[in-house]
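Heads up, start_33.txt below (compact mmCIF, C-alpha atoms):
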# COMPACT_ATOMS: atom_id res chain seq x y z
CA THR A 1 181.01 25.80 56.58
CA ILE A 2 178.98 28.93 56.75
CA THR A 3 176.16 29.14 59.32
CA VAL A 4 173.40 31.56 58.56
CA THR A 5 171.23 32.61 61.46
CA SER A 6 167.97 34.42 61.02
CA ALA A 7 167.54 37.43 63.26
CA VAL A 8 164.51 37.24 65.54
CA ALA A 9 162.68 40.45 66.40
CA PRO A 10 162.06 40.35 70.18
CA THR A 11 158.92 41.68 71.82
CA ILE A 12 158.01 42.78 75.34
CA THR A 13 154.73 41.97 77.04
CA PRO A 14 153.02 45.33 77.73
CA VAL A 15 152.85 46.50 81.35
CA SER A 16 149.81 48.35 82.67
CA VAL A 17 150.18 51.56 84.63
CA LEU A 18 151.50 51.02 88.17
CA CYS A 19 151.86 53.07 91.31
CA SER A 20 155.27 53.91 92.68
CA ASN A 21 154.64 51.70 95.73
CA ALA A 22 153.88 48.57 93.69
CA PRO A 23 156.05 45.50 94.41
CA SER A 24 158.92 44.50 92.15
CA PHE A 25 158.01 42.20 89.25
CA SER A 26 159.66 40.45 86.30
CA LEU A 27 159.35 41.88 82.82
CA THR A 28 158.54 39.37 80.10
CA GLY A 29 160.49 39.33 76.85
CA PHE A 30 159.98 37.00 73.90
CA PRO A 31 161.82 34.91 72.93
CA ALA A 32 163.11 34.09 76.40
CA GLY A 33 166.80 34.05 77.09
CA GLY A 34 167.66 37.64 76.28
CA THR A 35 168.95 40.34 78.59
CA TRP A 36 167.68 43.68 79.75
CA SER A 37 169.47 47.00 79.71
CA LEU A 38 170.46 47.98 83.23
CA THR A 39 168.69 51.10 84.54
CA ALA A 40 167.81 52.37 88.02
CA PRO A 41 164.52 50.42 88.19
CA THR A 42 165.49 47.51 85.86
CA SER A 43 167.99 44.72 86.48
CA THR A 44 169.73 42.79 83.69
CA THR A 45 167.45 39.84 84.49
CA GLY A 46 164.34 41.94 83.94
CA VAL A 47 163.27 42.63 87.51
CA PHE A 48 161.58 46.04 87.57
CA THR A 49 161.23 47.97 90.87
CA PRO A 50 158.56 50.71 90.65
CA SER A 51 159.81 52.54 93.75
CA LEU A 52 163.13 53.16 91.96
CA ALA A 53 161.49 54.36 88.76
CA ALA A 54 160.67 57.89 87.74
CA VAL A 55 157.07 59.05 87.95
CA GLY A 56 155.90 59.02 84.34
CA ASN A 57 157.00 56.85 81.40
CA ASN A 58 160.02 54.59 81.93
CA THR A 59 161.67 52.98 78.92
CA VAL A 60 162.87 49.38 79.25
CA THR A 61 165.07 47.71 76.62
CA TYR A 62 165.24 44.00 75.82
CA LEU A 63 168.15 42.52 73.86
CA TYR A 64 168.04 39.14 72.13
CA GLY A 65 170.42 37.32 69.80
CA GLY A 66 174.11 36.68 69.43
CA ALA A 67 176.92 38.54 67.74
CA GLY A 68 175.87 39.88 64.37
CA CYS A 69 172.21 39.11 65.04
CA LEU A 70 171.61 41.12 68.19
CA GLN A 71 168.16 42.66 68.13
CA THR A 72 166.63 45.11 70.60
CA THR A 73 163.19 46.36 71.40
CA THR A 74 161.80 48.81 73.89
CA ALA A 75 158.61 49.29 75.86
CA ILE A 76 157.17 51.84 78.23
CA VAL A 77 156.39 51.13 81.88
CA PRO A 78 154.11 53.93 83.14
CA ILE A 79 154.46 54.83 86.83
CA GLU A 80 152.12 57.10 88.79
CA LYS A 81 152.84 58.73 92.15
CA PHE A 82 151.53 56.98 95.24
CA VAL A 83 150.61 59.39 98.03
CA PRO A 84 150.71 57.65 101.44
CA ALA A 85 148.02 58.51 103.96
CA THR A 86 150.34 58.39 106.94
CA ILE A 87 149.37 60.42 110.02
CA THR A 88 152.05 61.37 112.53
CA GLY A 89 151.15 62.76 115.95
CA THR A 90 148.23 62.48 118.33
CA ILE A 91 145.39 64.63 119.60
CA ASN A 92 145.10 64.52 123.38
CA PRO A 93 141.67 63.91 124.95
CA ILE A 94 139.52 67.02 124.64
CA CYS A 95 137.13 68.40 127.25
CA LEU A 96 133.91 69.85 125.87
CA PRO A 97 133.08 72.55 125.09
CA SER A 98 136.32 73.20 123.23
CA ASN A 99 137.84 75.30 120.48
CA THR A 100 138.19 73.86 116.99
CA VAL A 101 141.35 71.95 116.01
CA ASN A 102 143.33 72.71 112.84
CA LEU A 103 144.22 69.20 111.67
CA SER A 104 146.84 70.46 109.19
CA THR A 105 148.91 71.95 112.02
CA ALA A 106 148.01 69.58 114.88
CA LEU A 107 149.08 66.51 112.87
CA THR A 108 151.72 65.75 110.23
CA THR A 109 150.79 64.01 106.97
CA SER A 110 152.73 62.99 103.86
CA THR A 111 154.48 65.76 101.94
CA LEU A 112 154.02 63.86 98.66
CA GLY A 113 150.49 65.14 98.15
CA VAL A 114 147.39 66.57 99.77
CA GLY A 115 144.67 64.35 101.20
CA VAL A 116 141.14 64.90 102.45
CA TRP A 117 139.96 64.68 106.06
CA SER A 118 136.56 63.23 106.99
CA GLY A 119 134.68 62.23 110.11
CA ASN A 120 132.20 63.62 112.64
CA GLY A 121 132.79 67.33 113.19
CA VAL A 122 135.26 67.66 110.28
CA THR A 123 134.97 70.44 107.72
CA GLY A 124 137.96 70.77 105.41
CA THR A 125 140.98 70.62 107.72
CA THR A 126 139.05 71.84 110.78
CA PHE A 127 137.75 69.52 113.50
CA ASN A 128 134.97 70.87 115.70
CA PRO A 129 134.80 68.81 118.93
CA THR A 130 131.54 70.45 120.03
CA THR A 131 129.84 69.38 116.80
CA ALA A 132 131.22 65.84 117.09
CA GLY A 133 130.00 65.37 120.67
CA VAL A 134 131.10 63.15 123.55
CA GLY A 135 132.75 59.84 122.68
CA THR A 136 135.63 58.37 120.70
CA HIS A 137 135.68 59.62 117.13
CA THR A 138 137.68 58.20 114.23
CA LEU A 139 139.01 60.82 111.83
CA THR A 140 140.05 59.56 108.38
CA TYR A 141 142.71 60.99 106.07
CA SER A 142 142.32 59.85 102.44
CA THR A 143 144.77 60.26 99.57
CA ASN A 144 144.76 59.36 95.86
CA SER A 145 147.41 58.49 93.31
CA VAL A 146 148.37 61.14 90.75
CA PRO A 147 147.04 61.54 88.09
CA THR A 148 144.70 58.51 88.15
CA VAL A 149 142.91 58.96 91.47
CA SER A 150 141.44 55.46 91.52
CA LEU A 151 144.70 53.60 90.87
CA CYS A 152 146.04 53.30 94.43
CA PRO A 153 144.05 55.26 97.01
CA ALA A 154 145.11 55.12 100.65
CA THR A 155 143.53 55.94 104.02
CA GLY A 156 144.86 56.59 107.49
CA THR A 157 142.90 57.05 110.70
CA ILE A 158 143.32 58.59 114.12
CA ALA A 159 141.05 58.27 117.17
CA VAL A 160 140.11 61.33 119.22
CA GLN A 161 138.52 61.06 122.68
CA LEU A 162 136.01 63.78 123.61
CA ASN A 163 134.86 64.11 127.21
CA SER A 164 132.37 66.35 128.97
CA VAL A 165 131.47 67.17 132.58
CA ALA A 166 128.31 68.98 133.59
CA GLN A 167 128.72 72.22 135.52
CA PRO A 168 128.01 71.41 139.21
CA THR A 169 124.87 72.77 140.85
CA ILE A 170 125.16 73.26 144.64
CA LEU A 171 122.11 73.54 146.92
CA ALA A 172 122.47 76.69 149.03
CA VAL A 173 122.77 76.39 152.81
CA ASN A 174 121.14 78.93 155.16
CA PRO A 175 123.26 80.68 157.83
CA LEU A 176 124.20 78.39 160.73
CA CYS A 177 125.37 78.79 164.30
CA SER A 178 128.81 77.47 165.15
CA ASN A 179 127.26 74.79 167.39
CA ALA A 180 124.96 73.44 164.69
CA SER A 181 125.14 69.76 163.79
CA ALA A 182 127.24 68.57 160.89
CA LEU A 183 125.46 68.23 157.57
CA THR A 184 126.21 66.90 154.08
CA LEU A 185 126.09 69.43 151.27
CA THR A 186 123.90 68.57 148.29
CA VAL A 187 125.37 68.84 144.80
CA THR A 188 124.69 67.60 141.27
CA PRO A 189 126.44 65.73 139.72
CA THR A 190 127.82 63.65 142.57
CA GLY A 191 131.20 61.95 142.72
CA GLY A 192 133.33 65.07 143.02
CA THR A 193 135.56 66.46 145.76
CA TRP A 194 134.97 69.30 148.24
CA SER A 195 137.62 71.57 149.76
CA GLY A 196 137.61 74.34 152.35
CA THR A 197 137.77 74.92 156.10
CA GLY A 198 135.47 72.65 158.12
CA ILE A 199 134.40 70.35 155.26
CA THR A 200 135.51 66.86 154.30
CA SER A 201 136.35 65.86 150.73
CA SER A 202 133.03 64.01 150.55
CA GLY A 203 131.05 67.15 151.52
CA VAL A 204 130.36 66.75 155.26
CA PHE A 205 130.32 70.26 156.76
CA THR A 206 130.95 70.82 160.48
CA PRO A 207 130.07 74.38 161.56
CA SER A 208 132.21 74.22 164.71
CA LEU A 209 135.30 73.69 162.53
CA ALA A 210 134.51 76.57 160.19
CA LEU A 211 135.41 80.23 160.55
CA VAL A 212 132.93 82.67 162.04
CA GLY A 213 131.63 84.62 159.08
CA ASN A 214 131.46 83.68 155.42
CA ASN A 215 133.15 80.44 154.39
CA THR A 216 133.70 79.61 150.72
CA TYR A 217 133.74 75.98 149.63
CA THR A 218 134.86 74.58 146.30
CA TYR A 219 133.45 71.52 144.58
CA SER A 220 135.34 69.88 141.71
CA VAL A 221 134.09 66.99 139.58
CA GLY A 222 135.72 65.06 136.75
CA ALA A 223 139.28 64.10 135.85
CA SER A 224 142.29 66.39 135.64
CA THR A 225 141.93 66.57 131.85
CA CYS A 226 138.23 67.34 131.99
CA SER A 227 136.81 68.84 135.16
CA ALA A 228 134.22 71.39 136.25
CA VAL A 229 134.26 73.56 139.38
CA ASN A 230 131.71 75.53 141.36
CA THR A 231 131.73 77.29 144.74
CA THR A 232 129.26 78.06 147.49
CA THR A 233 129.39 80.29 150.55
CA ILE A 234 128.12 79.31 154.01
CA SER A 235 127.71 81.91 156.73
CA VAL A 236 128.49 80.76 160.28
Translate this file's structure into structure tokens.
Amino acid sequence: TITVTSAVAPTITPVSVLCSNAPSFSLTGFPAGGTWSLTAPTSTTGVFTPSLAAVGNNTVTYLYGGAGCLQTTTAIVPIEKFVPATITGTINPICLPSNTVNLSTALTTSTLGVGVWSGNGVTGTTFNPTTAGVGTHTLTYSTNSVPTVSLCPATGTIAVQLNSVAQPTILAVNPLCSNASALTLTVTPTGGTWSGTGITSSGVFTPSLALVGNNTYTYSVGASTCSAVNTTTISV
């Protein structure tokens, strides 16, 4: 008995262009039941892993048929480079007015490609806190796939806190005798701390506790990361 088998030409369902971060998927060959040539991104069962593929055109091979009738076909799986928009690092709270910040050196981004920064006070890779103003600002780093920019864009964000404290204005005090009554110094804005000889932290000045002559007093307002200071002199 002689069995004659007709060879069947296999085909592969085309695969659209993918980014290198796409999830693994199963290639489809027809007729079913064949095997796939083993490569870095392709298993013998036809599971293709884009992250293991080369950027560009990847050839996959499907084999179908038995001994003497083995047929093969190939197809191209195009892979484009995904550029992650990861941001590593932080920007500490900034006290206004402040110098500009070079985002490309203050923070670390992916080395796989170059992204674009955007947000209040951002020009190119420079962040200008004074332009942005007081508040919490979200800066965005955007990347695109290469070469098709719309295929798998990505964004990353970082929040930057900008603070400001007004320069204190202190109402001058005329010369006093050492036996004069205690008085509270007047300053704007309030809420700060006084220091010096003969004065409490809240600003109550007692001439009898001060030095005879000129006494300098310091007023500080704000937090340690953003404060303003002014001084005044009282003659006793």
Practice task
Write out as a ChimeraX atom specification the residues lying within 12 Å of Thr136 of chain A, counting only C-alpha atoms and excluding same-chain residues fewer than 2 positions away.
Solution key: /A:91-94,119-120,129,132-134,138-139,158-164
Exercise for the section: Write out as a list of chain:residue names the residues lying within 10 Å of Thr45 of chain A, counting all atoms listed in the file and excluding same-chain residues fewer than 4 positions away. Expected result: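 Residues near the query, excluding close chain neighbours: A:Ser26, A:Leu27, A:Thr28, A:Gly33, A:Gly34, A:Thr35, A:Trp36, A:Ser37, A:Leu38, A:Tyr62.
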Put those residues in a file: C-alpha atoms, as a short mmCIF file (atom, residue, chain, number, x, y, z; two decimals), in the frame of the given file.
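The resulting out.cif:
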data_model
loop_
_atom_site.label_atom_id
_atom_site.label_comp_id
_atom_site.auth_asym_id
_atom_site.auth_seq_id
_atom_site.Cartn_x
_atom_site.Cartn_y
_atom_site.Cartn_z
CA SER A 26 159.66 40.45 86.30
CA LEU A 27 159.35 41.88 82.82
CA THR A 28 158.54 39.37 80.10
CA GLY A 33 166.80 34.05 77.09
CA GLY A 34 167.66 37.64 76.28
CA THR A 35 168.95 40.34 78.59
CA TRP A 36 167.68 43.68 79.75
CA SER A 37 169.47 47.00 79.71
CA LEU A 38 170.46 47.98 83.23
CA TYR A 62 165.24 44.00 75.82
#
Practice task
Do a neighbour search on segment 151-157 of chain A at 12 Å with all atoms listed in the file, toss out local chain neighbours closer than 3 positions, and write the hits as a PyMOL selection string.
Solution key: chain A and resi 16-22+79-91+107-110+113-119+137-148+160
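Straight-line separation from atom CA of Pro189 of chain A to atom CA of Ala166 of chain A: 7.2 Å.
Between atom CA of Val15 of chain A and atom CA of Gly56 of chain A the interatomic distance comes to 13.2 Å.
Using all atoms listed in the file for every distance, the candidate list A:Ser24, A:Ser235, A:Ser150, A:Thr39 yields A:Ser235 as the residue closest to Leu176 of chain A.
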Problem - Given only C-alpha atoms as the counted atoms, nearest of A:Ala228, A:Val101, A:Ala67, A:Val187 to Thr125 of chain A - result: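 Selected residue with least distance to Thr125 of chain A: A:Val101.
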With all heavy atoms as the goal, would you fill in the gaps in segment 133-144 of chain A and present it as an mmCIF file, keeping the file's coordinate frame?
data_model
loop_
_atom_site.group_PDB
_atom_site.id
_atom_site.type_symbol
_atom_site.label_atom_id
_atom_site.label_comp_id
_atom_site.auth_asym_id
_atom_site.auth_seq_id
_atom_site.Cartn_x
_atom_site.Cartn_y
_atom_site.Cartn_z
ATOM 1 N N GLY A 133 130.648 65.872 119.468
ATOM 2 C CA GLY A 133 130.000 65.370 120.670
ATOM 3 C C GLY A 133 130.855 64.393 121.454
ATOM 4 O O GLY A 133 131.927 63.964 121.016
ATOM 5 N N VAL A 134 130.364 64.030 122.630
ATOM 6 C CA VAL A 134 131.100 63.150 123.550
ATOM 7 C C VAL A 134 131.293 61.762 122.927
ATOM 8 O O VAL A 134 130.412 61.240 122.251
ATOM 9 C CB VAL A 134 130.340 63.026 124.885
ATOM 10 C CG1 VAL A 134 131.014 61.997 125.802
ATOM 11 C CG2 VAL A 134 130.279 64.375 125.578
ATOM 12 N N GLY A 135 132.471 61.194 123.153
ATOM 13 C CA GLY A 135 132.750 59.840 122.680
ATOM 14 C C GLY A 135 134.104 59.759 121.996
ATOM 15 O O GLY A 135 134.862 60.727 121.956
ATOM 16 N N THR A 136 134.396 58.583 121.462
ATOM 17 C CA THR A 136 135.630 58.370 120.700
ATOM 18 C C THR A 136 135.310 58.464 119.216
ATOM 19 O O THR A 136 134.472 57.713 118.712
ATOM 20 C CB THR A 136 136.250 57.001 121.013
ATOM 21 O OG1 THR A 136 136.540 56.920 122.415
ATOM 22 C CG2 THR A 136 137.531 56.803 120.237
ATOM 23 N N HIS A 137 135.960 59.384 118.539
ATOM 24 C CA HIS A 137 135.680 59.620 117.130
ATOM 25 C C HIS A 137 136.886 59.246 116.280
ATOM 26 O O HIS A 137 138.028 59.568 116.622
ATOM 27 C CB HIS A 137 135.315 61.088 116.893
ATOM 28 C CG HIS A 137 134.052 61.497 117.580
ATOM 29 N ND1 HIS A 137 132.806 61.334 117.026
ATOM 30 C CD2 HIS A 137 133.837 62.038 118.812
ATOM 31 C CE1 HIS A 137 131.882 61.769 117.862
ATOM 32 N NE2 HIS A 137 132.489 62.198 118.961
ATOM 33 N N THR A 138 136.628 58.572 115.170
ATOM 34 C CA THR A 138 137.680 58.200 114.230
ATOM 35 C C THR A 138 137.700 59.195 113.075
ATOM 36 O O THR A 138 136.710 59.336 112.351
ATOM 37 C CB THR A 138 137.460 56.780 113.683
ATOM 38 O OG1 THR A 138 137.491 55.844 114.763
ATOM 39 C CG2 THR A 138 138.544 56.421 112.675
ATOM 40 N N LEU A 139 138.827 59.877 112.930
ATOM 41 C CA LEU A 139 139.010 60.820 111.830
ATOM 42 C C LEU A 139 139.839 60.113 110.751
ATOM 43 O O LEU A 139 140.826 59.449 111.042
ATOM 44 C CB LEU A 139 139.717 62.081 112.302
ATOM 45 C CG LEU A 139 139.111 62.783 113.525
ATOM 46 C CD1 LEU A 139 139.833 64.101 113.791
ATOM 47 C CD2 LEU A 139 137.623 63.022 113.339
ATOM 48 N N THR A 140 139.429 60.269 109.497
ATOM 49 C CA THR A 140 140.050 59.560 108.380
ATOM 50 C C THR A 140 140.729 60.536 107.430
ATOM 51 O O THR A 140 140.150 61.559 107.064
ATOM 52 C CB THR A 140 139.017 58.736 107.610
ATOM 53 O OG1 THR A 140 138.396 57.793 108.508
ATOM 54 C CG2 THR A 140 139.670 57.967 106.467
ATOM 55 N N TYR A 141 141.961 60.200 107.047
ATOM 56 C CA TYR A 141 142.710 60.990 106.070
ATOM 57 C C TYR A 141 142.868 60.141 104.809
ATOM 58 O O TYR A 141 143.444 59.047 104.855
ATOM 59 C CB TYR A 141 144.082 61.366 106.633
ATOM 60 C CG TYR A 141 144.899 62.279 105.747
ATOM 61 C CD1 TYR A 141 144.512 63.599 105.539
ATOM 62 C CD2 TYR A 141 146.057 61.825 105.123
ATOM 63 C CE1 TYR A 141 145.265 64.440 104.738
ATOM 64 C CE2 TYR A 141 146.817 62.669 104.325
ATOM 65 C CZ TYR A 141 146.412 63.978 104.134
ATOM 66 O OH TYR A 141 147.145 64.816 103.336
ATOM 67 N N SER A 142 142.329 60.618 103.683
ATOM 68 C CA SER A 142 142.320 59.850 102.440
ATOM 69 C C SER A 142 143.160 60.536 101.377
ATOM 70 O O SER A 142 143.090 61.756 101.206
ATOM 71 C CB SER A 142 140.877 59.689 101.934
ATOM 72 O OG SER A 142 140.048 59.095 102.909
ATOM 73 N N THR A 143 143.953 59.731 100.657
ATOM 74 C CA THR A 143 144.770 60.260 99.570
ATOM 75 C C THR A 143 144.504 59.454 98.293
ATOM 76 O O THR A 143 143.954 58.343 98.334
ATOM 77 C CB THR A 143 146.268 60.174 99.892
ATOM 78 O OG1 THR A 143 146.624 58.805 100.110
ATOM 79 C CG2 THR A 143 146.602 60.996 101.129
ATOM 80 N N ASN A 144 144.909 60.025 97.147
ATOM 81 C CA ASN A 144 144.760 59.360 95.860
ATOM 82 C C ASN A 144 146.084 59.416 95.105
ATOM 83 O O ASN A 144 146.908 60.301 95.331
ATOM 84 C CB ASN A 144 143.680 60.040 95.014
ATOM 85 C CG ASN A 144 142.307 59.925 95.636
ATOM 86 O OD1 ASN A 144 141.823 58.821 95.886
ATOM 87 N ND2 ASN A 144 141.679 61.052 95.895
#
